[in-house]
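**Student:** Have a look at this one before I ask anything.
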Amino acid sequence: MTTHPLLDASGVAKNYGAVAALRNASLSVLPGEVHALMGANGAGKSTLVKILTGAISANAGRILVRGEARDIRSPAAARRAGLLPVYQEPSLIPDLDVLSNLRLTGTPVEPFRAWVRELGIPDLDIRDTARDIPLAVLRVLDLARALAVEPDVLLLDEMTAALPANLAEKVLEVVRRQGDSGRAVIFISHRFVEISALCDRATVLRDGETVGVVDIVPGVEEKIVELMLGTRIVKTHVAARSASEKAAPAPARPRLAVRNLRVGTKLNDVSFDLRDGEVAGVVALEGQGQDELFSALAGSIRPSGGTIEVDGQPAKFSHPIDAIRSGIAYVPGDRAEALAMQRSVRENIALPFSAALGNWGPIPMRRERAKVLNAIKRLQIDTRAQGEVQRLSGGNQQKVTIARWIAADARTILCFDPTRGIDVGTKQEIYHLLRELAGNGKSVLFYTSELEEVQRVCDRVIVIFGGRLVDILPVEEADEPALMRAAYGLPRGVKADIGVLADPQSPSSGTIP
Amino acid sequence: MSTSAITPVPFGRRVKRIMADRPLIPLTILLVILVVILQILRPGIVNERWIANTIKFAIPLAILAGCQTMTMLTGGIDLSVGTVATMSAFIMATQIVSQDPAVAFLLAMMPAVLIGLVNGIGVGVFRVHPLIMTLGTSLIGTGCLQVYQRTVIASGAKIPDFLAWLGTGVTSGFPNALLLFVPLAALIVFTLARTGFGRLLYAVGDNERATRLSGVQYWQVITALYITSSVLAGITGLLYIGLIKAPSLSLAEPLVLPSVAAAVIGGTSIFGGRGGYTGTIIGALILTVLTTLLTILQMPEGARRILFGLIVLFVTAAYLRIVEDR
């Protein structure tokens, strides 16, 4: 094709301190195309989108719009250049009605109404306050508001994520037509099924670099997965575990039995077992329902359906204390959520001891000290700055969050991405610790955003996509390509054509028209 | 730690660090400075009698400031302490006329427990902001007291001898009120430092979500806290009526804001998670000495208040600058 690209970004780089979020990203979008932007968690998708829409500025790189170099320094500048995003979070101001929201951004009302009707919402009252409008509709309104100003390039971030099927269908249809009218759409999605139905080409990012641009043709998923993983595609072998790290023999009755667990619209019909003496991994792309799964098991939120059994007894958790009494402890991914930052290491580790009403009296200082020191020693926490947890390094803070439950001797630990943002040495220690716990007959549920950790730590892997369980893989089969495929909702062992895969509504059958 | 051994730290910096690690030192220095100023302005005023008198007046303030310290550790505040103290004092003084002392005592403490319970449930269960919750119960309490006053207007009031002895008496140079205050203060300090409940107050104020994930039930902690605070305020009221000896409907109200100031000067953060009771006690002493100082300056009331406010602001700001520097 000889047409000039509508948007042409090249050599885009962005550093946060010493960390490079983007190294050398490029993206070229032709008029009339729907272009997918793909990459694993942390590949730099959202950074690139933020740069293109003026939310942050790049350290290096060139952005051409219709062949002209543009300096996109603010969202307003991006708008003037014809680039308009629709983010995952609704952007209408909740306390204003829809009409005032439109005025705020200078959006023409009539085209907006036309688009809203087109998108399948015939009866919208634009005097309604945004707060009273359901989330799914708000997202559609965001899209309509963007479409109404007729942008040259529309950037859609996970547009269909929160939409029910009928609305999603309308949205996809409109996006498709947007391409036909000579404009362009950049489409970010984790769903292959949408991408194959909608997009013409895909740009794949890995570690902040554009590693390939592919045409969407049948069978291209394998190629895309390969690009996202890069050289790591070579089948890795399960590291042989020493005898002491071997999982204890599994008893007949599972420690935790989760059946048909449902949390709102985020988690649907998830069933699995967790046995004593095993580390079960959970793998999912961001926001696929894993947060809700862990919160429900920890007693932080109430599930809306399904059952949880602990040691064969049905359990209902209405507060984390209920889960803790059953021996289930939750280590959240965000350390700031788990630690009293101004208090000492000792007080943080000993916090669960005082939780129950019966333990509000004088603290047996000597016994507490022994337990705390034991946990500190086991995790090798650097206690030089133990007066206040906030003075510890990230890795040591993370260790404190785990040490708390070692000291409390919890039988089951739910670890949510415990190695995020900590140094390699500490990561190794945490892997080792989790294996050791399993070796001592404890059970661990371990969500990780780094696929390579699965084979180092887990016995089995539970993969979740779109709130549903895709597959439970034994660790021998859980190499990175297999996990990546599963995380995108592609079932194991099927080298199927494009279009028949990954529809969360009909996981085993069905074709896309 | 290790760097300080290698490179010599400037003297000023080192002093600052010592003060940051031991916040009681700058507070004590300030207290001594104030006493010295007083002695210079009015030579000979600082004698045994003056000290006993200062302590007598500082004690009710210090106990109420203890209520503020504990509630502030969780990020709250208790503005109902003035009303609760007034209620217990007033009920005691009027009931003692016709009732057995023990019965009068129980009647006097009843509104304290009740208001504490309502505060605790409002803040802990219904998540009303403590400022609003305690202000509300304080107004309701004052209203109830006015209604109550009409029913006892004929019977009159008297101050029980024991309370007068406790409030004003001095035994061989020591105010009798110390008999109540020393064990009480020791109990508060011990509770905050060495009991599970004390730990939870700090932890809840620092990061409520973390305590929840550790199995702490917020409403239990908060309800127990506000009941404790109210009961302490009730006891203060009994002590205070022995000191002032004139029951009125606004007896302890003037102590409410100074009690907050004493806790803040003493180094307790109103955002929660940081502070302690020993600092608060010195804070209460500082405020009491400051009041005497301003009184002997013989300034008009307005100017005195302006100066008082300015000094409180200045002391708090300076103190935070010293302590927060890390």
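By convention in this document, the chains of the structure tokens carry letters A, B, ... by their order, each chain's residues are numbered from 1, and ligands are numbered from 1 in the order they are shown.
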Using only C-alpha atoms, find which residues of chain B lie within 10 Å of chain A and jot them down as a VMD selection string.

**Tutor:** chain B and resid 1 190 to 191 193 to 200 202 to 218 220 to 221 273 to 274

**Student:** May I have the selected residues written with N, CA, C and O atoms, as a short mmCIF file (atom, residue, chain, number, x, y, z; two decimals), in the first residue's frame?

**Tutor:**
data_model
loop_
_atom_site.label_atom_id
_atom_site.label_comp_id
_atom_site.auth_asym_id
_atom_site.auth_seq_id
_atom_site.Cartn_x
_atom_site.Cartn_y
_atom_site.Cartn_z
N MET B 1 23.04 4.66 60.13
CA MET B 1 23.73 4.29 61.35
C MET B 1 25.23 4.25 61.11
O MET B 1 26.00 4.92 61.77
N PHE B 190 0.92 2.01 80.35
CA PHE B 190 1.09 0.56 80.20
C PHE B 190 0.16 0.03 79.10
O PHE B 190 0.58 -0.77 78.25
N THR B 191 -1.09 0.48 79.12
CA THR B 191 -2.05 0.01 78.11
C THR B 191 -1.55 0.30 76.71
O THR B 191 -1.58 -0.55 75.82
N ALA B 193 1.50 0.84 75.67
CA ALA B 193 2.77 0.24 75.26
C ALA B 193 2.77 -1.28 75.30
O ALA B 193 3.39 -1.93 74.47
N ARG B 194 2.04 -1.84 76.26
CA ARG B 194 2.24 -3.26 76.52
C ARG B 194 1.00 -4.13 76.43
O ARG B 194 1.03 -5.26 76.88
N THR B 195 -0.09 -3.63 75.94
CA THR B 195 -1.26 -4.50 75.84
C THR B 195 -1.71 -4.60 74.38
O THR B 195 -1.39 -3.74 73.55
N GLY B 196 -2.42 -5.66 74.10
CA GLY B 196 -2.93 -5.85 72.75
C GLY B 196 -3.81 -4.70 72.32
O GLY B 196 -3.74 -4.22 71.19
N PHE B 197 -4.65 -4.21 73.26
CA PHE B 197 -5.55 -3.10 72.94
C PHE B 197 -4.76 -1.86 72.52
O PHE B 197 -5.07 -1.22 71.52
N GLY B 198 -3.70 -1.56 73.26
CA GLY B 198 -2.87 -0.40 72.94
C GLY B 198 -2.25 -0.53 71.55
O GLY B 198 -2.28 0.40 70.74
N ARG B 199 -1.70 -1.70 71.28
CA ARG B 199 -1.12 -1.95 69.96
C ARG B 199 -2.14 -1.66 68.85
O ARG B 199 -1.83 -1.06 67.84
N LEU B 200 -3.36 -2.16 69.10
CA LEU B 200 -4.38 -2.01 68.07
C LEU B 200 -4.73 -0.54 67.84
O LEU B 200 -5.02 -0.14 66.72
N TYR B 202 -2.75 2.06 67.97
CA TYR B 202 -1.74 2.59 67.05
C TYR B 202 -1.94 2.03 65.64
O TYR B 202 -1.90 2.76 64.65
N ALA B 203 -2.13 0.72 65.55
CA ALA B 203 -2.20 0.07 64.24
C ALA B 203 -3.43 0.53 63.46
O ALA B 203 -3.35 0.80 62.26
N VAL B 204 -4.56 0.66 64.16
CA VAL B 204 -5.79 1.09 63.47
C VAL B 204 -5.60 2.50 62.92
O VAL B 204 -6.00 2.82 61.80
N GLY B 205 -4.95 3.38 63.72
CA GLY B 205 -4.74 4.74 63.26
C GLY B 205 -3.74 4.81 62.12
O GLY B 205 -3.80 5.71 61.28
N ASP B 206 -2.81 3.89 62.09
CA ASP B 206 -1.79 3.91 61.05
C ASP B 206 -2.34 3.37 59.73
O ASP B 206 -2.19 4.00 58.68
N ASN B 207 -2.99 2.23 59.77
CA ASN B 207 -3.48 1.62 58.54
C ASN B 207 -4.64 0.68 58.88
O ASN B 207 -4.44 -0.48 59.22
N GLU B 208 -5.83 1.22 58.78
CA GLU B 208 -6.99 0.45 59.19
C GLU B 208 -7.15 -0.81 58.33
O GLU B 208 -7.50 -1.87 58.82
N ARG B 209 -6.87 -0.66 57.03
CA ARG B 209 -7.04 -1.81 56.14
C ARG B 209 -6.12 -2.97 56.52
O ARG B 209 -6.52 -4.12 56.48
N ALA B 210 -4.90 -2.61 56.90
CA ALA B 210 -3.95 -3.66 57.30
C ALA B 210 -4.46 -4.39 58.54
O ALA B 210 -4.34 -5.62 58.63
N THR B 211 -5.04 -3.65 59.49
CA THR B 211 -5.53 -4.32 60.69
C THR B 211 -6.69 -5.24 60.34
O THR B 211 -6.83 -6.32 60.89
N ARG B 212 -7.52 -4.79 59.40
CA ARG B 212 -8.65 -5.63 58.99
C ARG B 212 -8.14 -6.95 58.40
O ARG B 212 -8.64 -8.02 58.74
N LEU B 213 -7.13 -6.84 57.53
CA LEU B 213 -6.58 -8.06 56.92
C LEU B 213 -5.92 -8.95 57.97
O LEU B 213 -5.75 -10.14 57.75
N SER B 214 -5.51 -8.36 59.10
CA SER B 214 -4.93 -9.18 60.16
C SER B 214 -5.99 -9.72 61.10
O SER B 214 -5.66 -10.34 62.11
N GLY B 215 -7.25 -9.45 60.79
CA GLY B 215 -8.34 -10.02 61.58
C GLY B 215 -8.89 -9.11 62.66
O GLY B 215 -9.68 -9.55 63.48
N VAL B 216 -8.48 -7.85 62.66
CA VAL B 216 -8.98 -6.93 63.68
C VAL B 216 -10.36 -6.43 63.28
O VAL B 216 -10.57 -6.04 62.14
N GLN B 217 -11.30 -6.48 64.25
CA GLN B 217 -12.63 -5.95 63.96
C GLN B 217 -12.71 -4.52 64.48
O GLN B 217 -12.71 -4.27 65.68
N TYR B 218 -12.73 -3.60 63.53
CA TYR B 218 -12.64 -2.17 63.81
C TYR B 218 -13.65 -1.72 64.84
O TYR B 218 -13.31 -1.01 65.78
N GLN B 220 -15.11 -3.15 67.26
CA GLN B 220 -14.82 -3.56 68.64
C GLN B 220 -13.81 -2.62 69.27
O GLN B 220 -13.98 -2.14 70.40
N VAL B 221 -12.72 -2.37 68.51
CA VAL B 221 -11.66 -1.51 69.04
C VAL B 221 -12.22 -0.12 69.33
O VAL B 221 -12.00 0.45 70.40
N GLY B 273 -1.84 7.03 64.71
CA GLY B 273 -0.69 6.14 64.57
C GLY B 273 0.57 6.58 65.28
O GLY B 273 1.53 5.84 65.34
N ARG B 274 0.59 7.81 65.81
CA ARG B 274 1.83 8.30 66.37
C ARG B 274 1.57 9.13 67.62
O ARG B 274 0.68 9.98 67.62
#

**Student:** Please identify all polymer residues within 8 Å of segment 62-78 of chain B, counting only C-alpha atoms, omitting same-chain residues fewer than 3 positions from it, and present them as a ChimeraX atom specification.

**Tutor:** /B:58-59,81,129-131,134-135,181,185,188,201-206,225-226,228-230,232-233,236,255-256,258-260,262-263,268-277,280-281,284-285

**Student:** Please identify the strand (DSSP E) residues within segment 32-276 of chain B (assignment by DSSP from backbone atoms) and present them as a list of chain:residue names.

**Tutor:**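 Taking segment 32-276 of chain B and keeping strand (DSSP E) gives B:Val170, B:Thr171, B:Phe174, B:Pro175.
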
**Student:** What does the distance from atom CA of Arg177 of chain A to atom CA of Gly32 of chain A come to in Å, to one decimal?

**Tutor:**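 Going from atom CA of Arg177 of chain A over to atom CA of Gly32 of chain A, I get 9.0 Å.
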
**Student:** Extract, using only C-alpha atoms, all DNA, RNA and protein residues at most 7 Å from segment 149-157 of chain B, discarding same-chain residues fewer than 6 positions from it, and format them as a PyMOL selection string.

**Tutor:** chain B and resi 93-94+97

**Student:** State, in Å with one decimal place, the distance from atom CA of Phe465 of chain A to atom CA of Ala40 of chain A.

**Tutor:**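 Atom-to-atom, atom CA of Phe465 of chain A to atom CA of Ala40 of chain A, that is 13.8 Å.
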
**Student:** Could you tell me, as a PyMOL selection string, which residues of segment 130-288 of chain A DSSP assigns to helix (DSSP H, G or I) when given the backbone?

**Tutor:** chain A and resi 130-132+135-148+165-180+192-198+220-233+243-245

**Student:** What is the distance, in Å and to one decimal place, between atom CA of Arg411 of chain A and atom CA of Gly289 of chain A?

**Tutor:**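 Distance reported for this atom pair: 24.1 Å.
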
**Student:** Find the residues around Ser304 of chain A up to 7 Å (only C-alpha atoms counted), leave out those fewer than 6 positions away in its own chain, and share them as a list in words.

**Tutor:**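 Surrounding residues, per the criterion: Arg262, Val263 and Gly264 of chain A.
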
**Student:** So that I have them on file, write out the residues from the current selection with N, CA and C atoms, as a PDB file, in the first residue's frame.

**Tutor:**
ATOM      1  N   ARG A 262     -18.623 -17.276  42.584  1.00  0.00           N
ATOM      2  CA  ARG A 262     -19.024 -16.152  41.743  1.00  0.00           C
ATOM      3  C   ARG A 262     -18.908 -14.873  42.584  1.00  0.00           C
ATOM      4  N   VAL A 263     -18.296 -13.840  41.999  1.00  0.00           N
ATOM      5  CA  VAL A 263     -18.242 -12.537  42.671  1.00  0.00           C
ATOM      6  C   VAL A 263     -18.710 -11.490  41.676  1.00  0.00           C
ATOM      7  N   GLY A 264     -19.908 -10.974  41.875  1.00  0.00           N
ATOM      8  CA  GLY A 264     -20.459  -9.964  40.976  1.00  0.00           C
ATOM      9  C   GLY A 264     -20.340 -10.408  39.532  1.00  0.00           C
TER      10      GLY A 264
END

**Student:** Leu414 of chain A: which residues within 10 Å, counting only C-alpha atoms, same-chain residues fewer than 2 positions away excluded, as a list of chain:residue names?

**Tutor:**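 Counting only C-alpha atoms, the residues come to A:Val279, A:Ala280, A:Phe294, A:Ser295, A:Leu297, A:Ala298, A:Ile328, A:Ala329, A:Tyr330, A:Val331, A:Pro332, A:Ile402, A:Thr412, A:Phe416, A:Asp417, A:Pro418, A:Ser443, A:Val444, A:Leu445, A:Phe446, A:Tyr447.
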
**Student:** With N, CA and C atoms retained, export the selected residues as an mmCIF file, in the first residue's frame.

**Tutor:**
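out-v8.cif written:
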data_model
loop_
_atom_site.group_PDB
_atom_site.id
_atom_site.type_symbol
_atom_site.label_atom_id
_atom_site.label_comp_id
_atom_site.auth_asym_id
_atom_site.auth_seq_id
_atom_site.Cartn_x
_atom_site.Cartn_y
_atom_site.Cartn_z
ATOM 1 N N VAL A 279 1.821 -25.914 46.370
ATOM 2 C CA VAL A 279 1.751 -24.518 45.961
ATOM 3 C C VAL A 279 0.978 -24.503 44.652
ATOM 4 N N ALA A 280 -0.204 -23.935 44.676
ATOM 5 C CA ALA A 280 -0.970 -23.838 43.447
ATOM 6 C C ALA A 280 -0.831 -22.434 42.893
ATOM 7 N N PHE A 294 -9.098 -13.838 45.281
ATOM 8 C CA PHE A 294 -8.302 -13.803 46.515
ATOM 9 C C PHE A 294 -9.071 -13.098 47.635
ATOM 10 N N SER A 295 -9.727 -11.996 47.294
ATOM 11 C CA SER A 295 -10.467 -11.272 48.339
ATOM 12 C C SER A 295 -11.572 -12.138 48.923
ATOM 13 N N LEU A 297 -11.646 -15.453 49.059
ATOM 14 C CA LEU A 297 -11.078 -16.522 49.884
ATOM 15 C C LEU A 297 -10.551 -15.976 51.202
ATOM 16 N N ALA A 298 -10.147 -14.692 51.201
ATOM 17 C CA ALA A 298 -9.592 -14.096 52.416
ATOM 18 C C ALA A 298 -10.667 -13.515 53.314
ATOM 19 N N ILE A 328 -6.565 -19.442 57.220
ATOM 20 C CA ILE A 328 -6.283 -18.912 55.887
ATOM 21 C C ILE A 328 -5.833 -17.470 55.997
ATOM 22 N N ALA A 329 -4.619 -17.197 55.530
ATOM 23 C CA ALA A 329 -4.069 -15.847 55.642
ATOM 24 C C ALA A 329 -3.845 -15.266 54.258
ATOM 25 N N TYR A 330 -4.044 -13.952 54.146
ATOM 26 C CA TYR A 330 -3.945 -13.301 52.845
ATOM 27 C C TYR A 330 -2.808 -12.290 52.875
ATOM 28 N N VAL A 331 -1.897 -12.414 51.933
ATOM 29 C CA VAL A 331 -0.816 -11.444 51.781
ATOM 30 C C VAL A 331 -1.104 -10.637 50.526
ATOM 31 N N PRO A 332 -1.561 -9.390 50.663
ATOM 32 C CA PRO A 332 -1.959 -8.636 49.484
ATOM 33 C C PRO A 332 -0.755 -8.232 48.637
ATOM 34 N N ILE A 402 4.828 -11.410 54.913
ATOM 35 C CA ILE A 402 4.720 -12.877 54.943
ATOM 36 C C ILE A 402 5.081 -13.401 56.332
ATOM 37 N N THR A 412 -2.762 -22.038 55.586
ATOM 38 C CA THR A 412 -2.896 -21.752 54.163
ATOM 39 C C THR A 412 -2.565 -20.285 53.937
ATOM 40 N N PHE A 416 -0.555 -12.852 46.948
ATOM 41 C CA PHE A 416 -0.919 -12.171 45.700
ATOM 42 C C PHE A 416 0.293 -11.427 45.169
ATOM 43 N N ASP A 417 0.892 -11.962 44.147
ATOM 44 C CA ASP A 417 2.029 -11.337 43.480
ATOM 45 C C ASP A 417 3.079 -10.812 44.462
ATOM 46 N N PRO A 418 3.627 -11.717 45.296
ATOM 47 C CA PRO A 418 4.527 -11.240 46.357
ATOM 48 C C PRO A 418 5.867 -10.750 45.843
ATOM 49 N N SER A 443 -0.350 -25.154 52.726
ATOM 50 C CA SER A 443 -0.740 -24.968 51.332
ATOM 51 C C SER A 443 -0.659 -23.491 50.978
ATOM 52 N N VAL A 444 -0.309 -23.248 49.725
ATOM 53 C CA VAL A 444 -0.111 -21.877 49.272
ATOM 54 C C VAL A 444 -0.850 -21.678 47.958
ATOM 55 N N LEU A 445 -1.614 -20.592 47.880
ATOM 56 C CA LEU A 445 -2.181 -20.180 46.601
ATOM 57 C C LEU A 445 -1.404 -18.948 46.182
ATOM 58 N N PHE A 446 -0.832 -18.993 44.987
ATOM 59 C CA PHE A 446 0.202 -18.038 44.623
ATOM 60 C C PHE A 446 -0.133 -17.409 43.282
ATOM 61 N N TYR A 447 -0.634 -16.167 43.321
ATOM 62 C CA TYR A 447 -0.859 -15.472 42.049
ATOM 63 C C TYR A 447 0.429 -14.798 41.645
#

**Student:** Given only C-alpha atoms as the basis, pick out the residue of A:Glu388, A:Glu453, A:Glu158, A:Glu150 nearest to Leu434 of chain A.

**Tutor:**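 Looking at the shortest contact to Leu434 of chain A, the residue is A:Glu453.
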
**Student:** Would you mind telling me which residue in B:Thr28, B:Gln146, B:Thr54, B:Ser138 lies nearest to Leu249 of chain B when using only C-alpha atoms?

**Tutor:**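 When distances to Leu249 of chain B are compared using only C-alpha atoms, the smallest one comes from B:Gln146.
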
**Student:** For Lys158 of chain B, which residue out of B:Phe314, B:Trp219, B:Tyr319, B:Phe90 is the nearest one, using only C-alpha atoms?

**Tutor:**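 That would be B:Phe90, the residue with the smallest distance to Lys158 of chain B.
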
**Student:** Would you mind listing what lies within 8 Å of segment 99-108 of chain B as a list in words, with only C-alpha atoms counted and same-chain residues fewer than 6 positions away left out?

**Tutor:**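 Once the nearby chain positions are removed, what remains is Met87, Ser88, Ala89, Phe90, Ile91, Met92 and Gly234 of chain B.
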